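Novice: What follows is input_20.cif; its format and atoms are mmCIF, C-alpha atoms.
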```cif
data_my_file
loop_
_atom_site.label_atom_id
_atom_site.label_comp_id
_atom_site.auth_asym_id
_atom_site.auth_seq_id
_atom_site.Cartn_x
_atom_site.Cartn_y
_atom_site.Cartn_z
CA MET A 998 0.00 0.00 0.00
CA SER A 999 1.29 3.42 -0.94
CA ASN A 1000 2.39 5.93 1.70
CA ASN A 1001 0.35 8.63 0.01
CA CYS A 1002 -3.29 9.22 0.80
CA ILE A 1003 -3.73 11.68 -2.05
CA GLU A 1004 -2.08 11.83 -5.46
CA THR A 1005 -3.14 14.03 -8.33
CA ASN A 1006 -1.75 13.85 -11.83
CA GLN A 1007 -2.09 16.82 -14.21
CA LEU A 1008 -5.44 17.44 -12.51
CA THR A 1009 -7.32 20.21 -14.33
CA LYS A 1010 -10.79 21.69 -13.86
CA GLN A 1011 -12.20 24.40 -16.09
CA TYR A 1012 -15.43 26.28 -15.59
CA GLY A 1013 -16.09 27.94 -18.94
CA ASN A 1014 -13.03 30.08 -19.66
CA LYS A 1015 -11.82 29.96 -16.09
CA THR A 1016 -9.26 27.34 -15.04
CA ALA A 1017 -9.83 26.67 -11.34
CA VAL A 1018 -7.30 23.84 -11.01
CA ASN A 1019 -4.45 23.83 -13.49
CA GLN A 1020 -2.37 20.69 -14.25
CA LEU A 1021 -1.93 20.04 -10.56
CA ASN A 1022 0.51 17.36 -9.39
CA LEU A 1023 -0.02 17.12 -5.65
CA THR A 1024 1.07 14.36 -3.30
CA ILE A 1025 -0.08 14.22 0.31
CA LYS A 1026 1.52 11.68 2.63
CA LYS A 1027 -0.47 9.70 5.18
CA GLY A 1028 -0.66 11.10 8.67
CA GLY A 1029 -0.33 14.58 10.13
CA ILE A 1030 -2.05 17.88 9.48
CA HIS A 1031 -1.68 19.41 6.02
CA ALA A 1032 -2.69 23.05 5.59
CA ILE A 1033 -3.72 24.31 2.17
CA VAL A 1034 -3.28 28.04 1.75
CA GLY A 1035 -4.08 30.28 -1.19
CA SER A 1036 -5.82 33.50 -2.17
CA ASN A 1037 -9.56 33.49 -2.76
CA GLY A 1038 -10.16 31.66 -6.02
CA ALA A 1039 -6.84 29.77 -5.89
CA GLY A 1040 -8.73 26.52 -6.41
CA LYS A 1041 -8.87 25.12 -2.88
CA SER A 1042 -12.58 24.33 -2.77
CA THR A 1043 -12.57 23.04 -6.34
CA LEU A 1044 -9.70 20.74 -5.41
CA PHE A 1045 -11.73 19.38 -2.49
CA ARG A 1046 -14.75 18.82 -4.74
CA LEU A 1047 -12.57 16.93 -7.22
CA LEU A 1048 -11.01 14.81 -4.46
CA LEU A 1049 -14.42 13.94 -3.05
CA GLY A 1050 -15.71 12.96 -6.50
CA VAL A 1051 -18.39 15.68 -6.40
CA ALA A 1052 -16.88 17.47 -9.42
CA THR A 1053 -15.45 15.85 -12.56
CA PRO A 1054 -11.98 16.83 -13.78
CA THR A 1055 -11.67 18.38 -17.25
CA SER A 1056 -8.46 16.37 -17.62
CA GLY A 1057 -5.99 14.48 -15.44
CA PHE A 1058 -7.01 12.48 -12.41
CA ALA A 1059 -6.95 12.38 -8.61
CA LYS A 1060 -6.44 9.33 -6.45
CA ILE A 1061 -7.68 9.20 -2.89
CA LEU A 1062 -6.51 6.25 -0.77
CA GLY A 1063 -5.27 4.68 -3.99
CA GLN A 1064 -8.62 4.86 -5.80
CA ASP A 1065 -9.65 7.14 -8.67
CA SER A 1066 -11.80 9.90 -7.18
CA GLN A 1067 -14.38 9.45 -9.95
CA LYS A 1068 -14.91 5.77 -9.11
CA LEU A 1069 -15.03 5.80 -5.33
CA ASN A 1070 -16.79 2.81 -3.79
CA SER A 1071 -18.71 3.03 -0.53
CA ASP A 1072 -15.80 1.45 1.35
CA ILE A 1073 -13.47 4.34 0.44
CA ARG A 1074 -16.22 6.96 0.85
CA GLY A 1075 -16.70 5.72 4.40
CA LYS A 1076 -13.02 6.44 5.11
CA VAL A 1077 -13.18 10.09 4.05
CA GLY A 1078 -14.71 12.76 6.27
CA TYR A 1079 -15.58 16.28 5.12
CA VAL A 1080 -16.51 19.39 7.08
CA ASN A 1081 -17.31 22.55 5.13
CA GLU A 1082 -17.38 26.18 6.20
CA GLU A 1083 -21.18 26.27 6.25
CA HIS A 1084 -21.40 23.59 8.95
CA THR A 1085 -24.58 22.30 7.29
CA LEU A 1086 -26.89 20.47 9.73
CA PRO A 1087 -30.61 19.66 9.91
CA ASN A 1088 -31.91 22.66 11.83
CA TRP A 1089 -35.16 21.07 12.95
CA MET A 1090 -33.53 18.23 14.91
CA ALA A 1091 -32.08 18.02 18.42
CA VAL A 1092 -28.35 17.38 18.75
CA GLU A 1093 -28.79 13.88 20.23
CA LYS A 1094 -31.21 12.89 17.45
CA VAL A 1095 -28.71 13.92 14.79
CA VAL A 1096 -26.07 11.80 16.55
CA ALA A 1097 -28.41 8.79 16.77
CA MET A 1098 -29.12 9.09 13.05
CA GLN A 1099 -25.44 9.41 12.13
CA LYS A 1100 -24.51 6.31 14.14
CA HIS A 1101 -26.72 4.20 11.89
CA PHE A 1102 -24.98 5.44 8.76
CA TYR A 1103 -21.46 4.68 9.93
CA SER A 1104 -20.43 1.17 10.93
CA LYS A 1105 -17.17 2.43 12.46
CA TRP A 1106 -18.77 5.07 14.69
CA ASN A 1107 -16.51 5.56 17.72
CA GLU A 1108 -18.60 6.86 20.64
CA ASN A 1109 -15.49 7.34 22.79
CA ILE A 1110 -13.94 9.77 20.27
CA TYR A 1111 -17.26 11.53 19.79
CA GLN A 1112 -17.62 12.13 23.53
CA LYS A 1113 -14.03 13.31 23.91
CA VAL A 1114 -14.17 15.75 21.01
CA ILE A 1115 -17.62 17.13 21.81
CA GLY A 1116 -16.25 17.64 25.35
CA PHE A 1117 -14.10 20.47 23.99
CA PHE A 1118 -17.31 22.34 23.12
CA ASP A 1119 -20.14 23.26 25.41
CA VAL A 1120 -22.98 21.53 23.54
CA ASP A 1121 -26.17 20.36 25.30
CA PRO A 1122 -27.42 17.12 23.63
CA LYS A 1123 -31.07 18.12 24.16
CA GLN A 1124 -30.61 21.42 22.38
CA GLY A 1125 -32.12 21.96 18.95
CA VAL A 1126 -29.59 22.35 16.15
CA SER A 1127 -31.11 25.71 15.14
CA GLY A 1128 -30.15 27.12 18.57
CA LEU A 1129 -26.44 26.27 18.31
CA SER A 1130 -23.92 29.08 17.95
CA ARG A 1131 -21.55 29.05 15.00
CA GLY A 1132 -18.74 27.71 17.21
CA GLU A 1133 -20.95 24.95 18.62
CA ARG A 1134 -22.05 23.94 15.13
CA ALA A 1135 -18.41 23.76 14.03
CA GLY A 1136 -17.52 21.66 17.09
CA PHE A 1137 -20.53 19.40 16.65
CA ASN A 1138 -19.68 18.80 12.99
CA LEU A 1139 -16.04 18.11 13.79
CA SER A 1140 -17.01 15.65 16.55
CA MET A 1141 -19.30 13.73 14.23
CA ALA A 1142 -16.72 13.69 11.42
CA LEU A 1143 -14.04 12.36 13.78
CA ALA A 1144 -16.33 9.76 15.36
CA GLN A 1145 -16.53 8.11 11.95
CA SER A 1146 -12.81 7.29 12.40
CA PRO A 1147 -11.98 8.63 8.95
CA GLU A 1148 -8.62 7.87 7.38
CA ILE A 1149 -8.77 11.28 5.75
CA LEU A 1150 -10.57 14.29 7.15
CA ILE A 1151 -11.01 17.30 4.88
CA LEU A 1152 -11.84 20.62 6.56
CA ASP A 1153 -12.77 23.57 4.37
CA GLU A 1154 -12.07 26.76 6.37
CA PRO A 1155 -13.42 25.23 9.59
CA THR A 1156 -12.60 28.18 11.84
CA LEU A 1157 -14.02 30.88 9.57
CA GLY A 1158 -16.14 33.26 11.62
CA LEU A 1159 -15.50 31.55 14.97
CA ASP A 1160 -14.84 33.70 18.04
CA VAL A 1161 -11.56 33.32 19.98
CA VAL A 1162 -12.97 30.81 22.48
CA ALA A 1163 -14.56 28.58 19.84
CA LYS A 1164 -11.41 28.76 17.72
CA GLN A 1165 -9.24 27.72 20.66
CA SER A 1166 -11.55 24.75 21.41
CA PHE A 1167 -11.48 23.79 17.76
CA LEU A 1168 -7.68 23.79 17.63
CA GLU A 1169 -7.44 21.84 20.89
CA ALA A 1170 -9.81 19.23 19.49
CA LEU A 1171 -7.74 19.06 16.32
CA MET A 1172 -4.52 18.59 18.33
CA PHE A 1173 -6.21 15.86 20.35
CA THR A 1174 -7.15 14.14 17.10
CA GLU A 1175 -3.64 14.33 15.76
CA THR A 1176 -2.14 12.66 18.80
CA GLU A 1177 -4.93 10.13 19.45
CA SER A 1178 -5.90 8.93 16.00
CA GLU A 1179 -4.35 7.89 12.72
CA SER A 1180 -6.34 10.32 10.61
CA THR A 1181 -4.71 12.45 7.96
CA ILE A 1182 -6.16 15.94 8.24
CA ILE A 1183 -6.30 18.22 5.19
CA TYR A 1184 -7.38 21.66 6.14
CA CYS A 1185 -7.59 24.97 4.39
CA SER A 1186 -7.45 28.27 6.20
CA HIS A 1187 -6.53 31.92 5.81
CA GLN A 1188 -5.40 32.13 9.44
CA MET A 1189 -1.60 31.96 9.40
CA GLU A 1190 -1.33 31.90 13.21
CA GLU A 1191 -3.39 28.73 13.23
CA VAL A 1192 -1.42 27.17 10.40
CA GLU A 1193 1.81 27.95 12.22
CA ARG A 1194 0.56 26.22 15.35
CA VAL A 1195 -1.00 23.12 13.89
CA ALA A 1196 0.34 22.26 10.45
CA ASP A 1197 2.96 19.60 9.73
CA ASN A 1198 2.94 20.56 6.12
CA LEU A 1199 2.18 23.74 4.17
CA ILE A 1200 0.67 23.44 0.70
CA ILE A 1201 0.33 26.66 -1.27
CA LEU A 1202 -1.95 26.92 -4.28
CA GLU A 1203 -1.79 29.86 -6.65
CA LYS A 1204 -4.19 30.10 -9.56
CA GLY A 1205 -4.81 26.37 -9.47
CA ARG A 1206 -1.13 25.48 -9.38
CA LEU A 1207 1.05 24.07 -6.61
CA THR A 1208 3.81 26.48 -5.53
CA ASN A 1209 4.88 25.00 -2.18
CA ASN A 1210 4.59 21.62 -0.45
CA SER A 1211 6.90 21.53 2.57
CA VAL A 1212 7.20 21.94 6.35
CA PRO A 1213 6.12 25.55 7.22
CA ASP A 1214 9.55 26.41 8.71
CA GLU A 1215 11.23 25.34 5.47
CA PHE A 1216 8.89 27.59 3.51
CA VAL A 1217 9.76 30.58 5.72
CA GLU A 1218 13.46 29.87 5.10
CA ARG A 1219 12.87 30.34 1.35
CA ILE A 1220 11.90 33.97 1.95
CA THR A 1221 14.28 36.73 3.06
CA SER A 1222 13.52 40.35 3.83
CA TRP A 1223 15.84 43.31 3.54
CA ILE A 1224 15.95 47.06 4.17
CA VAL A 1225 18.32 48.61 1.67
CA ASP A 1226 19.54 52.17 1.22
CA PHE A 1227 20.59 52.96 -2.35
CA ASN A 1228 21.43 56.55 -1.35
CA GLY A 1229 18.55 58.10 -3.28
CA LYS A 1230 19.09 56.07 -6.42
CA LYS A 1231 15.92 54.66 -7.99
CA ILE A 1232 15.66 50.90 -8.45
CA GLU A 1233 13.21 49.15 -10.78
CA ARG A 1234 11.35 45.97 -9.80
CA ASP A 1235 12.88 43.89 -12.59
CA GLN A 1236 16.41 44.73 -11.43
CA VAL A 1237 16.00 42.73 -8.22
CA SER A 1238 16.24 38.95 -8.56
CA GLY A 1239 13.61 36.75 -6.88
CA LEU A 1240 11.54 39.80 -5.95
CA LEU A 1241 8.21 39.24 -4.18
CA SER A 1242 7.50 42.69 -2.85
CA MET A 1243 9.12 46.10 -2.94
CA LYS A 1244 8.13 49.15 -0.93
CA ARG A 1245 9.85 52.51 -0.67
CA ILE A 1246 9.65 53.94 2.84
CA ASP A 1247 11.58 57.03 4.01
CA GLY A 1248 13.79 56.77 0.93
CA GLN A 1249 14.81 53.20 1.77
CA TYR A 1250 13.75 50.07 -0.10
CA HIS A 1251 11.99 47.27 1.79
CA LEU A 1252 12.43 44.10 -0.24
CA MET A 1253 11.15 40.56 0.15
CA VAL A 1254 12.69 37.91 -2.09
CA VAL A 1255 12.33 34.18 -2.60
CA ASP A 1256 14.97 31.46 -3.07
CA GLN A 1257 17.96 33.82 -2.89
CA ASN A 1258 21.19 32.77 -1.22
CA PRO A 1259 21.82 35.57 1.35
CA VAL A 1260 25.53 35.95 0.50
CA ASP A 1261 24.90 36.13 -3.25
CA PHE A 1262 21.92 38.43 -2.78
CA ARG A 1263 24.00 40.82 -0.69
CA SER A 1264 26.58 41.15 -3.47
CA HIS A 1265 23.73 41.50 -5.99
CA LEU A 1266 22.47 44.49 -3.95
CA MET A 1267 25.99 45.93 -3.73
CA ASN A 1268 26.23 45.70 -7.53
CA LEU A 1269 22.97 47.67 -7.75
CA GLY A 1270 24.65 50.41 -5.70
CA ALA A 1271 23.42 49.67 -2.16
CA GLU A 1272 25.01 51.81 0.55
CA SER A 1273 23.60 49.92 3.52
CA ILE A 1274 21.89 46.54 3.77
CA HIS A 1275 19.94 45.22 6.76
CA PRO A 1276 18.38 41.75 6.76
CA ILE A 1277 15.17 41.62 8.84
CA GLY A 1278 13.20 38.71 10.30
CA VAL A 1279 10.44 36.95 8.37
CA THR A 1280 7.31 35.45 9.93
CA LEU A 1281 5.12 32.78 8.34
CA ASN A 1282 2.40 35.39 7.93
CA SER A 1283 4.63 37.94 6.19
CA ALA A 1284 6.22 35.22 4.03
CA VAL A 1285 2.88 33.83 2.83
CA ASN A 1286 1.54 37.34 2.27
CA ALA A 1287 4.49 38.40 0.15
CA PHE A 1288 4.42 35.10 -1.71
CA LEU A 1289 0.71 35.33 -2.57
CA SER A 1290 0.56 39.05 -3.30
CA LYS A 1291 3.38 38.75 -5.86
CA ASN A 1292 0.90 37.22 -8.27
CA HIS A 1293 -1.45 40.18 -8.05
CA ASN A 1294 1.19 42.38 -9.66
CA VAL A 1295 1.94 40.07 -12.56
CA PRO A 1296 -0.39 40.48 -15.51
CA SER A 1297 -1.53 37.08 -16.78
CA MET B 79 0.67 12.53 41.63
CA SER B 80 2.81 13.31 38.61
CA ASP B 81 6.50 14.09 39.06
CA ILE B 82 6.52 16.25 35.94
CA LYS B 83 7.85 19.76 36.38
CA ALA B 84 5.56 22.41 34.88
CA VAL B 85 7.10 24.26 31.95
CA ASN B 86 6.22 27.94 32.02
CA ILE B 87 6.68 29.05 28.42
CA HIS B 88 4.54 30.91 25.93
CA ILE B 89 4.32 30.68 22.20
CA ALA B 90 3.82 33.73 20.02
CA PRO B 91 2.71 32.86 16.50
CA GLY B 92 3.90 35.67 14.25
CA ASP B 93 7.29 35.75 15.99
CA THR B 94 10.20 35.67 13.54
CA ARG B 95 11.50 32.59 15.35
CA PRO B 96 9.80 29.35 14.33
CA ILE B 97 7.70 27.82 17.13
CA PHE B 98 10.15 24.97 17.75
CA LYS B 99 12.91 27.57 18.30
CA GLN B 100 10.69 29.47 20.74
CA ILE B 101 10.28 26.27 22.76
CA VAL B 102 14.04 25.61 22.68
CA ASP B 103 14.78 29.17 23.85
CA GLY B 104 11.99 29.06 26.45
CA ILE B 105 13.15 25.81 28.03
CA ARG B 106 16.78 26.90 27.96
CA MET B 107 15.75 30.07 29.81
CA GLN B 108 13.73 28.05 32.35
CA ILE B 109 16.77 25.85 32.99
CA ALA B 110 19.07 28.88 33.26
CA CYS B 111 16.92 30.67 35.83
CA GLY B 112 16.41 27.58 37.93
CA ASN B 113 12.70 26.94 37.27
CA LEU B 114 13.71 23.63 35.74
CA PRO B 115 16.47 22.30 38.04
CA ILE B 116 18.89 19.57 37.03
CA GLY B 117 17.23 16.16 37.07
CA SER B 118 13.67 17.45 36.74
CA LYS B 119 11.30 15.67 34.40
CA LEU B 120 9.75 17.43 31.44
CA PRO B 121 6.16 17.11 30.18
CA SER B 122 5.56 14.45 27.53
CA VAL B 123 5.57 15.53 23.89
CA ARG B 124 1.77 15.21 23.77
CA GLY B 125 1.39 16.95 27.09
CA LEU B 126 3.35 20.04 26.09
CA ALA B 127 1.64 20.07 22.67
CA MET B 128 -1.77 20.12 24.37
CA GLN B 129 -0.64 22.77 26.87
CA LEU B 130 0.56 25.12 24.13
CA THR B 131 -2.03 24.12 21.48
CA ILE B 132 0.60 23.27 18.93
CA ASN B 133 1.51 20.33 16.75
CA ALA B 134 3.14 17.46 18.70
CA ASN B 135 5.82 17.07 16.00
CA THR B 136 6.96 20.63 16.73
CA VAL B 137 7.46 19.77 20.41
CA ALA B 138 9.33 16.59 19.41
CA LYS B 139 11.60 18.64 17.18
CA ALA B 140 12.37 21.09 20.01
CA TYR B 141 13.05 18.25 22.48
CA ASN B 142 15.39 16.63 19.92
CA GLU B 143 17.29 19.87 19.51
CA LEU B 144 17.63 20.32 23.29
CA THR B 145 18.75 16.70 23.64
CA SER B 146 21.39 17.06 20.94
CA GLN B 147 22.61 20.25 22.64
CA GLY B 148 23.00 18.21 25.82
CA LEU B 149 20.50 20.20 27.88
CA LEU B 150 18.04 17.31 28.13
CA GLU B 151 18.58 13.58 28.34
CA ALA B 152 16.19 10.74 27.61
CA ARG B 153 16.01 7.96 30.19
CA GLN B 154 14.74 4.76 28.63
CA GLY B 155 11.07 4.30 29.42
CA LEU B 156 10.98 7.14 31.95
CA GLY B 157 10.93 10.31 29.87
CA LEU B 158 13.06 13.39 29.36
CA PHE B 159 15.09 15.04 32.10
CA VAL B 160 17.25 18.13 32.52
CA SER B 161 20.85 16.91 32.33
CA GLN B 162 23.97 17.83 34.32
CA PRO B 163 25.44 21.17 33.17
CA ARG B 164 28.98 19.85 32.64
CA GLN B 165 27.78 17.56 29.85
CA GLN B 166 26.01 20.35 28.08
CA LEU B 167 28.39 22.33 25.87
CA ASN B 168 32.05 22.28 24.89
CA LEU B 169 34.29 25.23 25.66
CA VAL B 170 34.32 26.75 22.16
CA GLU B 171 30.51 26.65 22.02
CA GLN B 172 30.29 28.17 25.51
CA HIS B 173 32.45 31.12 24.44
CA LYS B 174 30.46 31.58 21.23
CA ARG B 175 27.17 31.67 23.18
CA LEU B 176 28.60 34.11 25.72
CA ASP B 177 29.88 36.45 22.97
CA ASN B 178 26.48 36.40 21.25
CA ALA B 179 24.64 37.10 24.50
CA VAL B 180 26.97 39.98 25.38
CA GLN B 181 26.56 41.46 21.90
CA THR B 182 22.77 41.32 22.25
CA LEU B 183 22.96 43.02 25.63
CA VAL B 184 25.28 45.74 24.31
CA ASN B 185 23.01 46.39 21.32
CA GLU B 186 20.02 46.75 23.63
CA ILE B 187 21.64 49.21 26.01
CA ALA B 188 23.89 51.19 23.68
CA TYR B 189 21.51 54.17 23.62
CA LEU B 190 20.65 54.21 27.31
CA ASP B 191 22.49 56.74 29.42
CA PHE B 192 24.43 54.44 31.73
CA GLU B 193 28.07 54.48 32.75
CA PRO B 194 29.87 51.19 31.97
CA GLN B 195 30.37 50.61 35.72
CA GLN B 196 26.62 50.92 36.40
CA ILE B 197 25.95 48.27 33.75
CA LEU B 198 28.61 45.95 35.14
CA ASP B 199 27.10 46.32 38.63
CA LYS B 200 23.64 45.40 37.33
CA VAL B 201 25.07 42.34 35.58
CA SER B 202 26.94 41.14 38.69
CA GLY B 203 23.80 41.76 40.75
CA ALA B 204 21.73 39.59 38.38
CA LEU B 205 24.41 36.89 38.38
CA SER B 206 24.59 36.65 42.16
CA LYS B 207 20.78 36.46 42.33
CA LEU B 208 20.90 33.59 39.78
CA ALA B 209 23.59 31.80 41.81
CA THR B 210 21.57 31.91 45.05
CA SER B 211 18.29 30.83 43.43
CA SER B 212 19.87 27.89 41.57
CA LYS B 213 21.69 26.82 44.76
CA ASN B 214 18.36 26.77 46.58
CA GLU B 215 16.69 24.86 43.80
CA THR B 216 19.32 22.10 43.54
CA GLY B 217 19.47 21.97 47.31
CA ASN B 218 15.75 21.24 47.45
CA HIS B 219 16.10 18.65 44.81
CA GLU B 220 18.86 16.53 46.27
#
```
Show this structure as structure tokens.
Specialist:
Amino acid sequence: MSNNCIETNQLTKQYGNKTAVNQLNLTIKKGGIHAIVGSNGAGKSTLFRLLLGVATPTSGFAKILGQDSQKLNSDIRGKVGYVNEEHTLPNWMAVEKVVAMQKHFYSKWNENIYQKVIGFFDVDPKQGVSGLSRGERAGFNLSMALAQSPEILILDEPTLGLDVVAKQSFLEALMFTETESESTIIYCSHQMEEVERVADNLIILEKGRLTNNSVPDEFVERITSWIVDFNGKKIERDQVSGLLSMKRIDGQYHLMVVDQNPVDFRSHLMNLGAESIHPIGVTLNSAVNAFLSKNHNVPS
Amino acid sequence: MSDIKAVNIHIAPGDTRPIFKQIVDGIRMQIACGNLPIGSKLPSVRGLAMQLTINANTVAKAYNELTSQGLLEARQGLGLFVSQPRQQLNLVEQHKRLDNAVQTLVNEIAYLDFEPQQILDKVSGALSKLATSSKNETGNHE
């Protein structure tokens, strides 16, 4: 059995003239928490729909647990959990009734896990679903998804719109899952602080293409940031190699660059006429921001 | 009752140091100021991950780093413990660390209006405080 739970090959999805996922070759290893990050419209949700077999690829294919996503049998479907940002639930039912119904659908329902995860959230079983707060709905959905003991759990922006308390509970529940179960969690989010805390692996999608698939710390190491004084001389964007972002503040240039060896880059700046060069620290948030915003400047 | 010593560190996402480095620095500081005396037992990887709400692999990475630096030692089947200081660093590394720390201090205080002697007095004051507190701690422990 392969070590990968997801493999895509030249996976492409077009909606009319728009290419949502573009010749994507993505491999996700079994185990751990994988964060998918990208601007709005980068193709994250489309990718999830393709993986779940809800959408059909225009070309290429995706394999989930070794099976083509277009031909998933019920055995594989039972091993994949999905929680979306809407936290869709039957509003007219009580929490405990929803749970009783779900148990019948899933042969591998694990009551112990359900109780432990729901314990992170303050949910009364007698309460009607319509009366749950957004955070409680998110927690309830996560608990039910995890109780199915999925091999893969896909979470589409699960913490969107949650308050600080609900978000903290959600992350604690996720951490509990990572240490207590064998599930592979694939999770997309715009919250870099969360990603920094929880993710084993950072996947970046830009315009339907894969631009990073590594440990978050390794990604941050690709990016360096510099404050450079060219003594009043004007520098053009295309003169700087690996440039992600350039700002001119108080006559100095603030540069962020990708995949540049610091020693070589320093001499590159000297050649451009730099008078003083200061490297400054990069955070995951600033690195991802610079990396994603670069594309907004490039006409396509 | 658990014999695990509580680790009092905080994680700041958005810091320029990666989280594993923040844990390494935090634990090293706790050892240096005597909150984690020699021989004390650290939380499990899962335990510290739950405490800080971070990925367990990040804690494991930090513990590995501290172990390879000689600050922590694994005892088979028992867990991780703060090791004896003499095993921790070789002389060259000790000098390098001291130089770095001094440089950081000097950078921080360069623009404050203190006479060099005033600064030296503060430093010796802090050192003697550290010496008494760590003596008390190890004394309690043995």
Novice: What's the separation between atom CA of Gly1013 of chain A and atom CA of Ala1052 of chain A, in Å to one decimal place?
Specialist: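 Atom CA of Ala1052 of chain A lies 14.2 Å from atom CA of Gly1013 of chain A.
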Novice: Return as a ChimeraX atom specification the set of residues that the PyMOL selection byres ((chain B) within 6 of (chain A)) yields on the displayed structure.
Specialist: /B:91-92,94,131-133
Novice: Given the selection you just returned, output its residues as a file containing C-alpha atoms, formatted as a tab-separated table (two decimals), keeping the file's coordinate frame.
Specialist:
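again_11.tsv, written as the output of this step:
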```tsv
chain	number	residue	atom	x	y	z
B	91	PRO	CA	2.71	32.86	16.50
B	92	GLY	CA	3.90	35.67	14.25
B	94	THR	CA	10.20	35.67	13.54
B	131	THR	CA	-2.03	24.12	21.48
B	132	ILE	CA	0.60	23.27	18.93
B	133	ASN	CA	1.51	20.33	16.75
```
Novice: What separation in Å, quoted to one decimal, exists between atom CA of Tyr1184 of chain A and atom CA of Leu1150 of chain A?
Specialist: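 Taking atom CA of Tyr1184 of chain A and atom CA of Leu1150 of chain A, their separation equals 8.1 Å.
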Novice: Once 4 Å is added on each side, what are the centre and the three edge lengths, in Å to one decimal, of the axis-aligned box enclosing the listed atoms of segment 143-159 of chain B? Present them as JSON.
Specialist:
```
{"center_x": 17.0, "center_y": 12.3, "center_z": 25.8, "size_x": 20.1, "size_y": 24.0, "size_z": 20.6}
```
Novice: Hey, what's within 10 Å of Asn1037 of chain A if we count only C-alpha atoms and toss same-chain stuff fewer than 6 positions away? As a list in words, please?
Specialist: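 Near neighbours after the sequence-gap exclusion: His1187, Glu1203 and Lys1204 of chain A.
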Novice: Name the residues that the PyMOL selection byres ((chain A and resi 1242) around 8) pulls out of this structure, and write them as JSON, numbers by chain.
Specialist: {"A": [1240, 1241, 1243, 1244, 1251, 1252, 1253, 1254, 1287, 1290, 1291]}
Novice: Under the PyMOL selection byres ((chain B and resi 106) around 12), which residues of this model are included? Write them out as a PyMOL selection string.
Specialist: chain B and resi 85-87+99-105+107-116+140-141+143-145+147-150+160-161+163+166
Novice: Between B:Tyr189, B:His88, B:Gly157, B:Pro96, which is the closest to Ala127 of chain B once you count only C-alpha atoms?
Specialist: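 Checking each candidate against Ala127 of chain B, we get B:His88 as the closest.
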Novice: Report, in Å with one decimal, the straight-line distance from atom CA of Arg1219 of chain A to atom CA of Phe98 of chain B.
Specialist: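 Separating atom CA of Arg1219 of chain A from atom CA of Phe98 of chain B is a distance of 17.5 Å.
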Novice: Write out as a VMD selection string the residues lying within 12 Å of Cys1002 of chain A, counting all atoms listed in the file and excluding same-chain residues fewer than 2 positions away.
Specialist: chain A and resid 998 to 1000 1004 to 1005 1023 to 1029 1031 1048 1059 to 1066 1073 1076 to 1077 1147 to 1151 1180 to 1183
Novice: Between B:Ala179, B:Leu120, B:Met128, B:Ile197, which is the closest to Ala152 of chain B once you count only C-alpha atoms?
Specialist: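 Under the stated criterion, the closest residue is B:Leu120.
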Novice: Between A:Lys1100, A:Ser1186, A:Asn1001, A:Asn1022, which has the minimum distance to Ser1042 of chain A (counting all atoms listed in the file)?
Specialist: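 For Ser1042 of chain A, the nearest of the given residues is A:Ser1186.
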Novice: Just checking: using only C-alpha atoms, which residue out of A:Leu1159, A:Ile1224, A:Leu1143, A:Ile1232 ends up closest to Gln1099 of chain A?
Specialist: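 Of A:Leu1159, A:Ile1224, A:Leu1143, A:Ile1232, the one nearest Gln1099 of chain A is A:Leu1143, counting only C-alpha atoms.
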Novice: Considering only C-alpha atoms, can you say which of A:Arg1134, A:Gly1035, A:Asn1268, A:Thr1055 comes closest to Lys1015 of chain A?
Specialist: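 The closest residue to Lys1015 of chain A is A:Thr1055.
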Novice: Complete the atom set of segment 129-137 of chain B to N, CA and C atoms and return it as an mmCIF file, in the coordinates of the input.
Specialist:
```cif
data_model
loop_
_atom_site.group_PDB
_atom_site.id
_atom_site.type_symbol
_atom_site.label_atom_id
_atom_site.label_comp_id
_atom_site.auth_asym_id
_atom_site.auth_seq_id
_atom_site.Cartn_x
_atom_site.Cartn_y
_atom_site.Cartn_z
ATOM 1 N N GLN B 129 -0.734 21.555 26.042
ATOM 2 C CA GLN B 129 -0.640 22.770 26.870
ATOM 3 C C GLN B 129 -0.520 24.015 26.006
ATOM 4 N N LEU B 130 0.287 23.930 24.941
ATOM 5 C CA LEU B 130 0.560 25.120 24.130
ATOM 6 C C LEU B 130 -0.341 25.214 22.890
ATOM 7 N N THR B 131 -1.214 24.227 22.697
ATOM 8 C CA THR B 131 -2.030 24.120 21.480
ATOM 9 C C THR B 131 -1.174 24.224 20.222
ATOM 10 N N ILE B 132 -0.224 23.324 20.136
ATOM 11 C CA ILE B 132 0.600 23.270 18.930
ATOM 12 C C ILE B 132 0.776 21.821 18.513
ATOM 13 N N ASN B 133 1.283 21.647 17.316
ATOM 14 C CA ASN B 133 1.510 20.330 16.750
ATOM 15 C C ASN B 133 2.553 19.557 17.571
ATOM 16 N N ALA B 134 2.239 18.282 17.871
ATOM 17 C CA ALA B 134 3.140 17.460 18.700
ATOM 18 C C ALA B 134 4.507 17.281 18.031
ATOM 19 N N ASN B 135 4.531 17.235 16.689
ATOM 20 C CA ASN B 135 5.820 17.070 16.000
ATOM 21 C C ASN B 135 6.746 18.253 16.243
ATOM 22 N N THR B 136 6.148 19.437 16.444
ATOM 23 C CA THR B 136 6.960 20.630 16.730
ATOM 24 C C THR B 136 7.629 20.495 18.096
ATOM 25 N N VAL B 137 6.881 19.975 19.073
ATOM 26 C CA VAL B 137 7.460 19.770 20.410
ATOM 27 C C VAL B 137 8.572 18.726 20.314
#
```
